[in-house]
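Data file: entry_22.cif. Format and content: mmCIF, C-alpha atoms and all ligand atoms.
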```
data_entry
#
loop_
_atom_site.label_atom_id
_atom_site.label_comp_id
_atom_site.auth_asym_id
_atom_site.auth_seq_id
_atom_site.Cartn_x
_atom_site.Cartn_y
_atom_site.Cartn_z
CA VAL A 135 -26.32 -21.96 -33.16
CA VAL A 136 -23.45 -19.90 -31.98
CA PHE A 137 -25.70 -17.99 -29.64
CA PHE A 138 -27.03 -21.06 -27.94
CA LEU A 139 -23.65 -22.60 -27.68
CA CYS A 140 -22.54 -19.46 -26.07
CA VAL A 141 -25.34 -19.47 -23.56
CA PHE A 142 -24.62 -22.95 -22.53
CA LEU A 143 -20.93 -22.60 -22.44
CA CYS A 144 -20.75 -19.86 -19.96
CA TRP A 145 -23.34 -19.32 -17.32
CA VAL A 146 -21.55 -18.52 -14.19
CA SER A 147 -23.37 -17.02 -11.28
CA VAL A 148 -22.09 -15.68 -8.05
CA GLY A 149 -24.32 -15.02 -5.12
CA SER A 150 -26.99 -16.22 -2.83
CA ALA A 151 -29.86 -14.74 -4.81
CA ILE A 152 -29.50 -17.55 -7.27
CA ARG A 153 -30.33 -19.99 -4.52
CA SER A 154 -33.88 -18.84 -4.28
CA GLN A 155 -34.21 -18.57 -8.02
CA TRP A 156 -33.28 -22.18 -8.39
CA GLY A 157 -35.10 -23.09 -5.22
CA LEU A 158 -32.09 -24.78 -3.64
CA ASP A 159 -33.15 -27.82 -5.51
CA PHE A 160 -29.90 -29.66 -5.62
CA SER A 161 -31.53 -32.97 -6.51
CA SER A 162 -30.52 -32.78 -10.13
CA SER A 163 -27.49 -30.66 -9.47
CA ASN A 164 -24.01 -31.67 -8.37
CA VAL A 165 -23.09 -29.83 -5.20
CA LEU A 166 -19.38 -29.31 -5.10
CA ASN A 167 -17.84 -27.84 -1.99
CA VAL A 168 -14.39 -26.38 -2.57
CA ILE A 169 -13.27 -27.83 0.77
CA ASP A 170 -13.71 -31.29 -0.72
CA PHE A 171 -11.26 -30.32 -3.43
CA GLY A 172 -8.57 -29.36 -0.98
CA ALA A 173 -9.32 -25.72 -0.24
CA VAL A 174 -8.01 -24.79 3.20
CA GLY A 175 -9.63 -21.44 3.82
CA ASP A 176 -7.25 -20.13 6.46
CA GLY A 177 -6.74 -16.87 4.60
CA LYS A 178 -3.05 -17.68 4.03
CA THR A 179 -2.93 -20.79 1.89
CA ASP A 180 -3.42 -20.29 -1.83
CA ASP A 181 -6.64 -22.13 -2.60
CA SER A 182 -6.61 -21.47 -6.35
CA GLN A 183 -5.96 -25.07 -7.37
CA ALA A 184 -8.78 -26.39 -5.25
CA PHE A 185 -11.18 -23.91 -6.80
CA LEU A 186 -10.02 -24.82 -10.26
CA LYS A 187 -10.43 -28.55 -9.59
CA ALA A 188 -13.97 -27.97 -8.38
CA TRP A 189 -14.65 -25.85 -11.46
CA ASP A 190 -13.27 -28.55 -13.76
CA LYS A 191 -15.57 -31.09 -12.20
CA ALA A 192 -18.55 -28.79 -12.65
CA CYS A 193 -17.56 -27.81 -16.15
CA THR A 194 -17.07 -31.34 -17.43
CA SER A 195 -20.32 -32.67 -15.97
CA TRP A 196 -23.40 -32.84 -18.19
CA ASN A 197 -25.56 -31.81 -15.22
CA PRO A 198 -25.97 -28.41 -13.66
CA SER A 199 -23.59 -27.87 -10.79
CA THR A 200 -23.40 -25.69 -7.74
CA LEU A 201 -19.99 -24.74 -6.47
CA VAL A 202 -20.17 -23.90 -2.80
CA VAL A 203 -17.70 -21.70 -1.01
CA PRO A 204 -18.51 -21.96 2.70
CA SER A 205 -19.08 -18.95 4.87
CA ASP A 206 -16.98 -19.70 7.91
CA LYS A 207 -13.67 -19.51 6.13
CA SER A 208 -11.54 -17.04 4.25
CA PHE A 209 -10.10 -18.11 0.92
CA LEU A 210 -7.09 -16.76 -0.86
CA LEU A 211 -6.93 -16.95 -4.65
CA LEU A 212 -3.69 -15.86 -6.29
CA PRO A 213 -2.94 -14.15 -8.50
CA VAL A 214 -5.84 -14.49 -10.91
CA VAL A 215 -8.11 -17.46 -11.19
CA THR A 216 -9.78 -18.01 -14.52
CA PHE A 217 -12.88 -20.15 -14.66
CA GLN A 218 -12.97 -21.01 -18.29
CA GLY A 219 -15.26 -22.86 -20.67
CA PRO A 220 -16.38 -24.43 -22.85
CA CYS A 221 -18.37 -26.47 -20.36
CA LYS A 222 -20.71 -29.35 -20.87
CA ALA A 223 -22.86 -28.28 -17.95
CA PRO A 224 -26.02 -26.38 -18.94
CA SER A 225 -25.44 -24.07 -15.98
CA ILE A 226 -23.02 -23.56 -13.16
CA ASN A 227 -24.03 -21.78 -10.03
CA PHE A 228 -21.21 -20.30 -8.02
CA GLN A 229 -22.26 -19.60 -4.45
CA VAL A 230 -19.84 -17.49 -2.56
CA PHE A 231 -21.05 -17.05 0.96
CA GLN A 232 -18.29 -14.77 2.10
CA SER A 233 -16.00 -12.21 0.64
CA MET A 234 -12.77 -13.76 -0.47
CA GLU A 235 -9.47 -12.14 0.24
CA GLN A 236 -7.85 -10.61 -2.78
CA GLU A 237 -10.53 -12.24 -4.78
CA LYS A 238 -9.90 -12.00 -8.47
CA LEU A 239 -12.24 -14.10 -10.43
CA MET A 240 -12.38 -14.24 -14.13
CA ASP A 241 -15.21 -15.91 -15.93
CA LYS A 242 -14.73 -16.68 -19.51
CA ASP A 243 -16.41 -18.83 -22.06
CA GLY A 244 -14.64 -20.87 -24.59
CA LEU A 245 -16.09 -19.49 -27.79
CA GLY A 246 -12.61 -18.68 -28.89
CA GLY A 247 -11.48 -22.05 -27.71
CA ASN A 248 -7.91 -21.94 -26.60
CA ALA A 249 -7.23 -19.33 -29.18
CA GLU A 250 -5.82 -16.88 -26.68
CA ARG A 251 -8.70 -14.49 -26.50
CA ASN A 252 -7.26 -12.86 -23.47
CA ILE A 253 -8.34 -9.35 -24.23
CA ASN A 254 -7.51 -8.33 -20.70
CA ALA A 255 -3.88 -8.96 -21.23
CA GLN A 256 -3.85 -7.19 -24.56
CA GLU A 257 -5.88 -4.19 -23.66
CA HIS A 258 -4.97 -3.60 -20.07
CA PRO A 259 -1.62 -5.22 -19.43
CA HIS A 260 -1.33 -3.94 -15.90
CA GLN A 261 -4.93 -3.84 -14.99
CA GLN A 262 -6.43 -6.04 -12.35
CA LYS A 263 -10.04 -6.49 -11.59
CA HIS A 264 -11.84 -8.24 -8.83
CA VAL A 265 -14.21 -9.96 -11.19
CA ALA A 266 -13.91 -9.97 -14.97
CA ILE A 267 -16.63 -11.32 -17.21
CA ASP A 268 -15.10 -11.82 -20.60
CA GLY A 269 -16.61 -13.59 -23.57
CA CYS A 270 -19.70 -14.75 -21.67
CA SER A 271 -23.44 -14.84 -22.20
CA GLY A 272 -26.00 -15.39 -19.47
CA VAL A 273 -24.10 -14.35 -16.37
CA LYS A 274 -25.83 -13.25 -13.19
CA ILE A 275 -24.00 -11.82 -10.24
CA SER A 276 -25.81 -10.74 -7.12
CA ASP A 277 -25.26 -10.14 -3.44
CA VAL A 278 -21.56 -9.67 -3.69
CA TRP A 279 -19.51 -7.34 -1.58
CA ILE A 280 -16.26 -6.16 -3.10
CA VAL A 281 -13.89 -3.97 -1.16
CA ALA A 282 -10.50 -2.52 -1.99
CA PRO A 283 -8.80 0.60 -0.66
CA GLU A 284 -9.82 3.86 -2.32
CA SER A 285 -6.14 4.48 -3.03
CA SER A 286 -5.50 1.22 -4.87
CA PRO A 287 -5.09 1.87 -8.59
CA ASN A 288 -6.85 -0.12 -11.32
CA THR A 289 -8.96 -2.19 -9.01
CA ASP A 290 -12.22 -2.30 -10.94
CA GLY A 291 -14.92 -4.10 -9.00
CA ILE A 292 -16.57 -5.90 -11.90
CA HIS A 293 -15.41 -5.55 -15.49
CA ILE A 294 -17.53 -6.79 -18.37
CA GLN A 295 -16.36 -7.10 -21.94
CA SER A 296 -17.12 -9.10 -25.08
CA SER A 297 -20.24 -10.38 -23.32
CA LYS A 298 -23.98 -10.22 -23.54
CA ASN A 299 -27.01 -10.90 -21.36
CA VAL A 300 -25.39 -10.00 -18.06
CA GLU A 301 -27.19 -9.04 -14.86
CA ILE A 302 -25.52 -7.54 -11.83
CA SER A 303 -27.63 -6.69 -8.83
CA LYS A 304 -27.85 -6.13 -5.10
CA SER A 305 -24.20 -5.58 -4.47
CA THR A 306 -21.92 -3.22 -2.62
CA ILE A 307 -18.73 -2.22 -4.34
CA GLY A 308 -16.05 0.08 -2.99
CA THR A 309 -12.71 0.22 -4.78
CA GLY A 310 -9.97 2.47 -6.07
CA ASP A 311 -11.28 2.34 -9.63
CA ASP A 312 -14.59 1.79 -11.40
CA CYS A 313 -17.21 -0.04 -9.34
CA ILE A 314 -18.40 -1.54 -12.62
CA SER A 315 -16.85 -0.99 -16.02
CA ILE A 316 -18.11 -2.04 -19.41
CA GLY A 317 -15.76 -2.61 -22.30
CA THR A 318 -16.39 -3.10 -25.96
CA ASP A 319 -18.38 -5.83 -27.72
CA THR A 320 -20.93 -5.84 -24.95
CA SER A 321 -24.70 -5.74 -25.09
CA ASN A 322 -27.74 -6.29 -22.92
CA VAL A 323 -26.36 -5.59 -19.47
CA THR A 324 -28.66 -4.76 -16.56
CA ILE A 325 -27.13 -3.33 -13.43
CA SER A 326 -29.39 -2.62 -10.47
CA ASP A 327 -29.45 -2.04 -6.74
CA ILE A 328 -25.75 -1.27 -6.48
CA PHE A 329 -24.12 0.76 -3.76
CA CYS A 330 -20.91 2.20 -5.19
CA GLY A 331 -18.35 4.05 -3.09
CA PRO A 332 -15.60 4.82 -2.86
CA GLY A 333 -14.67 4.33 -6.49
CA HIS A 334 -14.92 5.80 -9.94
CA GLY A 335 -18.57 5.04 -10.53
CA ILE A 336 -20.21 2.93 -13.20
CA SER A 337 -18.34 3.47 -16.44
CA ILE A 338 -18.93 2.60 -20.01
CA GLY A 339 -15.45 2.60 -21.47
CA SER A 340 -12.93 3.57 -21.97
CA LEU A 341 -13.85 2.85 -25.56
CA GLY A 342 -12.22 3.34 -28.91
CA LYS A 343 -8.55 3.03 -28.21
CA PHE A 344 -7.71 -0.52 -29.15
CA LYS A 345 -10.53 -1.53 -31.37
CA ARG A 346 -13.82 -0.42 -32.80
CA ALA A 347 -16.33 0.25 -30.01
CA ALA A 348 -19.60 -1.66 -29.94
CA VAL A 349 -21.62 -1.24 -26.77
CA GLU A 350 -25.41 -1.20 -26.61
CA HIS A 351 -28.47 -1.93 -24.48
CA ILE A 352 -26.97 -1.05 -21.12
CA TYR A 353 -29.48 -0.41 -18.33
CA VAL A 354 -28.38 0.88 -14.95
CA HIS A 355 -31.03 1.59 -12.34
CA ASN A 356 -31.52 2.14 -8.63
CA CYS A 357 -27.87 2.73 -7.81
CA THR A 358 -26.24 4.92 -5.19
CA PHE A 359 -22.92 6.68 -5.56
CA LYS A 360 -21.34 7.89 -2.35
CA GLY A 361 -18.09 9.82 -2.37
CA THR A 362 -17.23 8.55 -5.82
CA GLN A 363 -15.03 10.24 -8.39
CA ASN A 364 -17.80 9.79 -11.00
CA GLY A 365 -21.34 8.61 -11.09
CA ALA A 366 -22.75 7.62 -14.47
CA ARG A 367 -19.91 7.84 -16.96
CA ILE A 368 -19.23 7.21 -20.62
CA LYS A 369 -15.63 7.72 -21.65
CA THR A 370 -14.04 7.37 -25.06
CA TRP A 371 -10.63 8.03 -26.53
CA GLN A 372 -10.20 10.38 -29.44
CA GLY A 373 -9.52 8.88 -32.81
CA GLY A 374 -11.80 5.91 -32.14
CA PHE A 375 -14.59 4.37 -34.20
CA GLY A 376 -17.77 2.51 -33.50
CA TYR A 377 -20.64 3.29 -31.18
CA ALA A 378 -22.08 3.32 -27.69
CA LYS A 379 -25.87 3.49 -27.82
CA ASP A 380 -29.09 2.69 -25.99
CA ILE A 381 -27.67 3.40 -22.57
CA ARG A 382 -30.00 4.20 -19.67
CA PHE A 383 -29.10 5.41 -16.20
CA LYS A 384 -32.22 5.70 -14.06
CA ASP A 385 -33.12 6.30 -10.40
CA ILE A 386 -29.68 7.30 -9.25
CA THR A 387 -28.88 8.67 -5.80
CA LEU A 388 -25.77 10.80 -5.37
CA ASP A 389 -24.04 11.62 -2.13
CA SER A 390 -21.12 14.00 -2.68
CA SER A 391 -20.12 12.45 -5.92
CA ASP A 392 -17.71 14.17 -8.29
CA ASN A 393 -18.92 14.26 -11.90
CA PRO A 394 -22.33 12.67 -11.26
CA ILE A 395 -23.19 12.75 -14.97
CA ILE A 396 -20.32 12.64 -17.39
CA ILE A 397 -19.69 11.89 -21.03
CA ASP A 398 -16.01 12.39 -21.74
CA GLN A 399 -14.94 11.95 -25.33
CA TYR A 400 -11.53 13.42 -24.53
CA TYR A 401 -10.37 10.66 -22.24
CA CYS A 402 -6.60 10.25 -22.35
CA ASN A 403 -3.55 9.42 -20.33
CA GLY A 404 -1.41 12.36 -21.38
CA GLY A 405 0.95 12.71 -24.31
CA ASP A 406 -0.10 11.85 -27.84
CA ASP A 407 -3.26 10.22 -26.57
CA CYS A 408 -4.60 13.66 -25.81
CA LYS A 409 -4.27 15.08 -29.32
CA ASN A 410 -7.56 16.11 -30.84
CA SER A 411 -8.79 13.99 -33.67
CA THR A 412 -11.71 14.14 -36.06
CA SER A 413 -12.85 10.56 -35.57
CA ALA A 414 -14.65 9.51 -32.44
CA VAL A 415 -16.88 6.80 -31.04
CA LYS A 416 -20.49 7.76 -31.79
CA VAL A 417 -22.47 8.17 -28.58
CA SER A 418 -26.25 8.18 -28.98
CA ASP A 419 -29.57 7.31 -27.37
CA VAL A 420 -28.40 7.90 -23.82
CA TRP A 421 -30.87 8.62 -21.02
CA PHE A 422 -30.11 10.06 -17.59
CA THR A 423 -33.40 9.86 -15.72
CA ASN A 424 -34.29 10.72 -12.13
CA PHE A 425 -30.98 11.67 -10.58
CA ARG A 426 -31.09 13.10 -7.05
CA GLY A 427 -28.43 14.27 -4.66
CA THR A 428 -25.23 16.18 -4.30
CA SER A 429 -22.12 16.79 -6.34
CA SER A 430 -18.76 17.61 -4.85
CA SER A 431 -17.52 19.08 -8.12
CA LYS A 432 -18.74 22.31 -9.67
CA THR A 433 -19.57 20.71 -13.00
CA ALA A 434 -22.35 18.42 -11.93
CA ILE A 435 -23.37 17.69 -15.50
CA ASN A 436 -20.45 17.35 -17.87
CA LEU A 437 -21.16 16.30 -21.42
CA ALA A 438 -18.01 16.79 -23.48
CA CYS A 439 -18.69 15.26 -26.85
CA SER A 440 -16.39 15.15 -29.82
CA GLU A 441 -16.37 18.38 -31.79
CA SER A 442 -16.58 16.46 -35.05
CA VAL A 443 -18.98 13.66 -34.05
CA ALA A 444 -21.84 15.01 -31.96
CA CYS A 445 -23.52 12.99 -29.24
CA GLU A 446 -27.09 12.55 -30.37
CA ASP A 447 -30.38 11.72 -28.78
CA ILE A 448 -29.11 12.52 -25.28
CA HIS A 449 -31.86 12.88 -22.68
CA LEU A 450 -31.72 14.40 -19.24
CA ASN A 451 -35.00 13.95 -17.40
CA HIS A 452 -35.77 14.91 -13.81
CA VAL A 453 -32.21 15.50 -12.77
CA HIS A 454 -31.81 17.48 -9.54
CA ILE A 455 -28.23 17.84 -8.42
CA THR A 456 -27.03 20.40 -5.92
CA GLY A 457 -23.52 21.24 -4.82
CA VAL A 458 -22.09 20.03 -1.53
CA ASP A 459 -20.56 23.41 -0.86
CA SER A 460 -20.97 25.54 -3.96
CA GLU A 461 -23.27 26.21 -6.87
CA VAL A 462 -23.13 23.63 -9.59
CA VAL A 463 -23.14 24.28 -13.33
CA PRO A 464 -23.52 22.22 -16.48
CA TYR A 465 -20.95 21.94 -19.24
CA THR A 466 -22.01 20.75 -22.66
CA LEU A 467 -20.10 20.49 -25.92
CA ASN A 468 -21.70 19.31 -29.16
CA VAL A 469 -24.58 17.46 -27.50
CA LYS A 470 -27.88 17.05 -29.27
CA GLY A 471 -30.88 16.03 -27.29
CA ARG A 472 -33.57 17.12 -24.89
CA THR A 473 -33.91 18.00 -21.23
CA ILE A 474 -36.93 17.98 -18.96
CA ASP A 475 -36.82 19.32 -15.41
CA VAL A 476 -33.06 19.54 -15.00
CA LYS A 477 -31.12 21.41 -12.29
CA PRO A 478 -28.56 22.76 -12.89
CA GLU A 479 -30.38 23.83 -15.99
CA ALA A 480 -28.64 22.53 -19.08
CA TYR A 481 -29.32 23.37 -22.72
CA LEU A 482 -28.61 20.83 -25.39
CA ASP A 483 -28.53 21.44 -29.13
CA ARG A 484 -31.79 20.72 -30.85
CA PRO A 485 -32.02 17.34 -32.46
CA THR A 486 -31.56 17.49 -36.20
C1 LIG A 501 -31.10 -9.76 -21.95
O1 LIG A 501 -30.50 -10.50 -20.90
C2 LIG A 501 -31.42 -11.12 -20.03
C3 LIG A 501 -30.62 -11.84 -18.97
O2 LIG A 501 -29.80 -10.96 -18.31
C4 LIG A 501 -32.30 -12.09 -20.79
O3 LIG A 501 -33.26 -12.62 -19.89
C5 LIG A 501 -32.98 -11.36 -21.92
O4 LIG A 501 -33.70 -12.29 -22.69
C6 LIG A 501 -31.95 -10.68 -22.80
N1 LIG A 501 -32.62 -9.91 -23.82
C7 LIG A 501 -32.36 -10.07 -25.10
C8 LIG A 501 -33.13 -9.20 -26.03
O5 LIG A 501 -31.55 -10.90 -25.51
C1 LIG A 502 -32.91 -0.13 -4.53
O1 LIG A 502 -31.71 -0.71 -4.06
C2 LIG A 502 -31.66 -0.87 -2.66
C3 LIG A 502 -30.32 -1.47 -2.32
O2 LIG A 502 -29.30 -0.64 -2.74
C4 LIG A 502 -32.79 -1.76 -2.19
O3 LIG A 502 -32.76 -1.84 -0.79
C5 LIG A 502 -34.12 -1.21 -2.66
O4 LIG A 502 -35.14 -2.12 -2.34
C6 LIG A 502 -34.08 -1.00 -4.16
N1 LIG A 502 -35.32 -0.34 -4.56
C7 LIG A 502 -36.10 -0.82 -5.53
C8 LIG A 502 -37.29 -0.03 -5.85
O5 LIG A 502 -35.83 -1.86 -6.12
C1 LIG A 503 -9.34 19.33 -27.87
O1 LIG A 503 -10.61 19.90 -28.01
C2 LIG A 503 -11.26 20.22 -26.79
C3 LIG A 503 -12.65 20.69 -27.11
O2 LIG A 503 -12.63 21.77 -27.97
C4 LIG A 503 -10.45 21.27 -26.04
O3 LIG A 503 -11.06 21.53 -24.81
C5 LIG A 503 -9.05 20.74 -25.81
O4 LIG A 503 -8.26 21.72 -25.22
C6 LIG A 503 -8.41 20.30 -27.13
N1 LIG A 503 -7.16 19.65 -26.84
C7 LIG A 503 -6.04 19.94 -27.50
C8 LIG A 503 -4.84 19.15 -27.09
O5 LIG A 503 -6.01 20.75 -28.41
#
```
Show how you would write the structure in this file as C-alpha cells.
Amino acid sequence: VVFFLCVFLCWVSVGSAIRSQWGLDFSSSNVLNVIDFGAVGDGKTDDSQAFLKAWDKACTSWNPSTLVVPSDKSFLLLPVVTFQGPCKAPSINFQVFQSMEQEKLMDKDGLGGNAERNINAQEHPHQQKHVAIDGCSGVKISDVWIVAPESSPNTDGIHIQSSKNVEISKSTIGTGDDCISIGTDTSNVTISDIFCGPGHGISIGSLGKFKRAAVEHIYVHNCTFKGTQNGARIKTWQGGFGYAKDIRFKDITLDSSDNPIIIDQYYCNGGDDCKNSTSAVKVSDVWFTNFRGTSSSKTAINLACSESVACEDIHLNHVHITGVDSEVVPYTLNVKGRTIDVKPEAYLDRPT
C-alpha cells in the first residue's frame, strides 16, 4: 500500500519528452499555465509564488495536470522552490519549455507528511542543487538543460535521494559540481543520453557519513563526459555502513575527463574525516562497460576500496581510455572482480 501511495503522491516530470508519451492529450488533464497564476517571466520578478499556486492547484486536483511554463519568457525562482506532496492527482506533468534562471526546483513527496523530512537541510546545510528529487517514486526528467559556471561550488545539476523509480534522460548538464548525484536510500534509477560537462561527473555518493548507505539498481548508459573532473564515480566516507550495489555504467564517451572511472572509499573533507577506519560502505556488483575516450589525469582507472571491506564483483569490460597528453595507468586497492579487454590494463583480485 505504501508503495502505491508513494507512486501516486509524487510523479513529477519535467520536459517535453513527456508530451509525446502522453500524446498531448489534455482532454482529461488540467492545463495550468503559470502565467495565469501571476508569473511575470521578465527574468527579474520572483515568480516563485505563482509557480507554487499553480502546483497547489495541480496537486489538489483529482485529475492529472500539466503545468506549462511558456518558452518565450524567463522565470526567476528564489531561493528554492519546493513542489511538495502528498497530491491527489494521479500524475503531474511539468513542462518547462525554457531554461529558468537560477532554477532550483525541489520535488518531494509527502510520505513523511509534514514531518520535516528535509534531508537536504540536515545532510548538506550549505548545498544547493538545481533540481533535487527527494522522497519520490516515479519521476521522469528529460530534455532539460542545466547550466552553471564551472567555478560555482556545490551546484549539482540533479540530485536524487530517498527515491526510487527515477528516469533521467536526454539532457545537457554543465555545472560546478556533480552533473547528477545519487544519495542514500535510492534504488532503480536509469540515467541515459546525458551530456555532462563541465562538472564533476555522475556520482553515487558521497555515502556513509550521515547514515547507513543503501543504494542499488543504478543504470547509467550512453553518457558523454567532456572536460569533467570525474566520469563515473562512487564515493564513500570512511567509517560508514551499508551498501552500494548493482550499479552499471555502460557506453560512456570521455573527452579529456579527469578520473573517468573512480571508486573512492577515502572521500573526505580534511581533518578527522580523513582518518582511516575499519568500517566502510560495502561496494559490490559494479560494472563499467564500453568506455571510450581520453583522460586528462594519469590515473584513468582509480579503484580505491577500503582496506578492510573489499569491493567485490567489480567488472571492467571493454574499457579503452588513453591519455590526453601522457600515458595513463590504473590504480587498484582491495578490488575483487574481473576485467575483459581493458586499457590501461588493470588487474583485480580474484573473486573469492
Ligand atoms: C524501475 O523504474 C521504472 C521507471 O523509471 C519502472 O518502469 C520499473 O517498473 C521499475 N522497476 C522496478 C523493478 O520497480
Ligand atoms: C546517445 O545519446 C545521444 C545524446 O547525447 C543521442 O543523440 C543518441 O541517439 C543516443 N544513442 C543511443 C543509441 O541511444
Ligand atoms: C588510509 O589508507 C589509505 C590506503 O591504504 C592510505 O592511502 C592513506 O594514506 C591512509 N590515510 C591515513 C590518514 O592514514
Determine, using all atoms listed in the file, which residues of chain A have any atom at most 9 Å from an atom of ligand LIG 502 (chain A), and tabulate each with its shortest atom pair and distance in Å to one decimal place, rows ordered by chain and then rising number, as JSON lines.
```
{"residue": "A:Ser303", "atom": "CA", "partner": "A:LIG502", "partner_atom": "O1", "distance": 8.7}
{"residue": "A:Lys304", "atom": "CA", "partner": "A:LIG502", "partner_atom": "C3", "distance": 6.0}
{"residue": "A:Ser305", "atom": "CA", "partner": "A:LIG502", "partner_atom": "O2", "distance": 7.3}
{"residue": "A:Thr306", "atom": "CA", "partner": "A:LIG502", "partner_atom": "O2", "distance": 7.8}
{"residue": "A:Ser326", "atom": "CA", "partner": "A:LIG502", "partner_atom": "O1", "distance": 7.1}
{"residue": "A:Asp327", "atom": "CA", "partner": "A:LIG502", "partner_atom": "O1", "distance": 3.7}
{"residue": "A:Ile328", "atom": "CA", "partner": "A:LIG502", "partner_atom": "O2", "distance": 5.2}
{"residue": "A:Phe329", "atom": "CA", "partner": "A:LIG502", "partner_atom": "O2", "distance": 5.5}
{"residue": "A:His355", "atom": "CA", "partner": "A:LIG502", "partner_atom": "C1", "distance": 8.2}
{"residue": "A:Asn356", "atom": "CA", "partner": "A:LIG502", "partner_atom": "C1", "distance": 4.9}
{"residue": "A:Cys357", "atom": "CA", "partner": "A:LIG502", "partner_atom": "O2", "distance": 6.3}
{"residue": "A:Thr358", "atom": "CA", "partner": "A:LIG502", "partner_atom": "O2", "distance": 6.8}
{"residue": "A:Asp385", "atom": "CA", "partner": "A:LIG502", "partner_atom": "C1", "distance": 8.7}
```
Let me have all residues with an atom within 8 Å of ligand LIG 501 (chain A), counting only C-alpha atoms and all ligand atoms, laid out as number ranges by chain. A: 272-274, 298-301, 322-324
Could you save those same residues with C-alpha atoms as a PDB file, in the coordinates of the input?
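Saved to selection_20.pdb:
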```pdb
ATOM      1  CA  GLY A 272     -26.000 -15.390 -19.470  1.00  0.00           C
ATOM      2  CA  VAL A 273     -24.100 -14.350 -16.370  1.00  0.00           C
ATOM      3  CA  LYS A 274     -25.830 -13.250 -13.190  1.00  0.00           C
ATOM      4  CA  LYS A 298     -23.980 -10.220 -23.540  1.00  0.00           C
ATOM      5  CA  ASN A 299     -27.010 -10.900 -21.360  1.00  0.00           C
ATOM      6  CA  VAL A 300     -25.390 -10.000 -18.060  1.00  0.00           C
ATOM      7  CA  GLU A 301     -27.190  -9.040 -14.860  1.00  0.00           C
ATOM      8  CA  ASN A 322     -27.740  -6.290 -22.920  1.00  0.00           C
ATOM      9  CA  VAL A 323     -26.360  -5.590 -19.470  1.00  0.00           C
ATOM     10  CA  THR A 324     -28.660  -4.760 -16.560  1.00  0.00           C
TER      11      THR A 324
END
```
At most 6 Å from ligand LIG 503 (chain A) (all atoms listed in the file): residue list as an mmCIF file with C-alpha atoms, keeping the file's coordinate frame:
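Dumped to result_19.cif:
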```
data_model
loop_
_atom_site.group_PDB
_atom_site.id
_atom_site.type_symbol
_atom_site.label_atom_id
_atom_site.label_comp_id
_atom_site.auth_asym_id
_atom_site.auth_seq_id
_atom_site.Cartn_x
_atom_site.Cartn_y
_atom_site.Cartn_z
ATOM 1 C CA CYS A 408 -4.600 13.660 -25.810
ATOM 2 C CA LYS A 409 -4.270 15.080 -29.320
ATOM 3 C CA ASN A 410 -7.560 16.110 -30.840
#
```
If you count all atoms listed in the file, which residues fall within 7 Å of stretch 387-399 of chain A, apart from same-chain ones fewer than 6 positions away, as an MDAnalysis selection string? chainID A and resid 357:372 425:431 433:440 458
Spatial neighbours of stretch 336-349 of chain A, 9 Å, all atoms listed in the file, chain gap at least 5 places, as a PyMOL selection string: chain A and resi 256-257+312-322+330+354+359+364-381+401+414-416
What's the 10 Å shell around A:Ser199, counting only C-alpha atoms, without same-chain residues fewer than 2 positions away, as a PyMOL selection string? chain A and resi 160+162-166+188-189+191-197+201-202+223-228
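One distance worth recording is that between atom CA of A:Pro287 and atom CA of A:Ile267, which is 19.5 Å.
Here atom CA of A:Gln218 is placed at a distance of 20.4 Å from atom CA of A:Asp170.
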Choose the residue, out of A:Asn468, A:Glu441, A:Pro478, A:Thr179, that has the smallest atom-to-atom separation from A:Ile455; count all atoms listed in the file.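 Closest residue, counting all atoms listed in the file: A:Pro478.
All protein, DNA and RNA residues at most 7 Å from (-30.8, 5.9, -20.3) are Tyr353, Asp380, Ile381, Arg382, Phe383, Lys384, Val420, Trp421, Phe422 and Thr423 of chain A, using only C-alpha atoms.
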Could you dump the residues just selected with C-alpha atoms as a short mmCIF file (atom, residue, chain, number, x, y, z; two decimals), in the coordinates of the input?
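Resulting contents of out_39.cif:
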```
data_model
loop_
_atom_site.label_atom_id
_atom_site.label_comp_id
_atom_site.auth_asym_id
_atom_site.auth_seq_id
_atom_site.Cartn_x
_atom_site.Cartn_y
_atom_site.Cartn_z
CA TYR A 353 -29.48 -0.41 -18.33
CA ASP A 380 -29.09 2.69 -25.99
CA ILE A 381 -27.67 3.40 -22.57
CA ARG A 382 -30.00 4.20 -19.67
CA PHE A 383 -29.10 5.41 -16.20
CA LYS A 384 -32.22 5.70 -14.06
CA VAL A 420 -28.40 7.90 -23.82
CA TRP A 421 -30.87 8.62 -21.02
CA PHE A 422 -30.11 10.06 -17.59
CA THR A 423 -33.40 9.86 -15.72
#
```
For atom CA of A:Ser182 and atom CA of A:Leu211, the interatomic separation in Å (one decimal): 4.8 Å
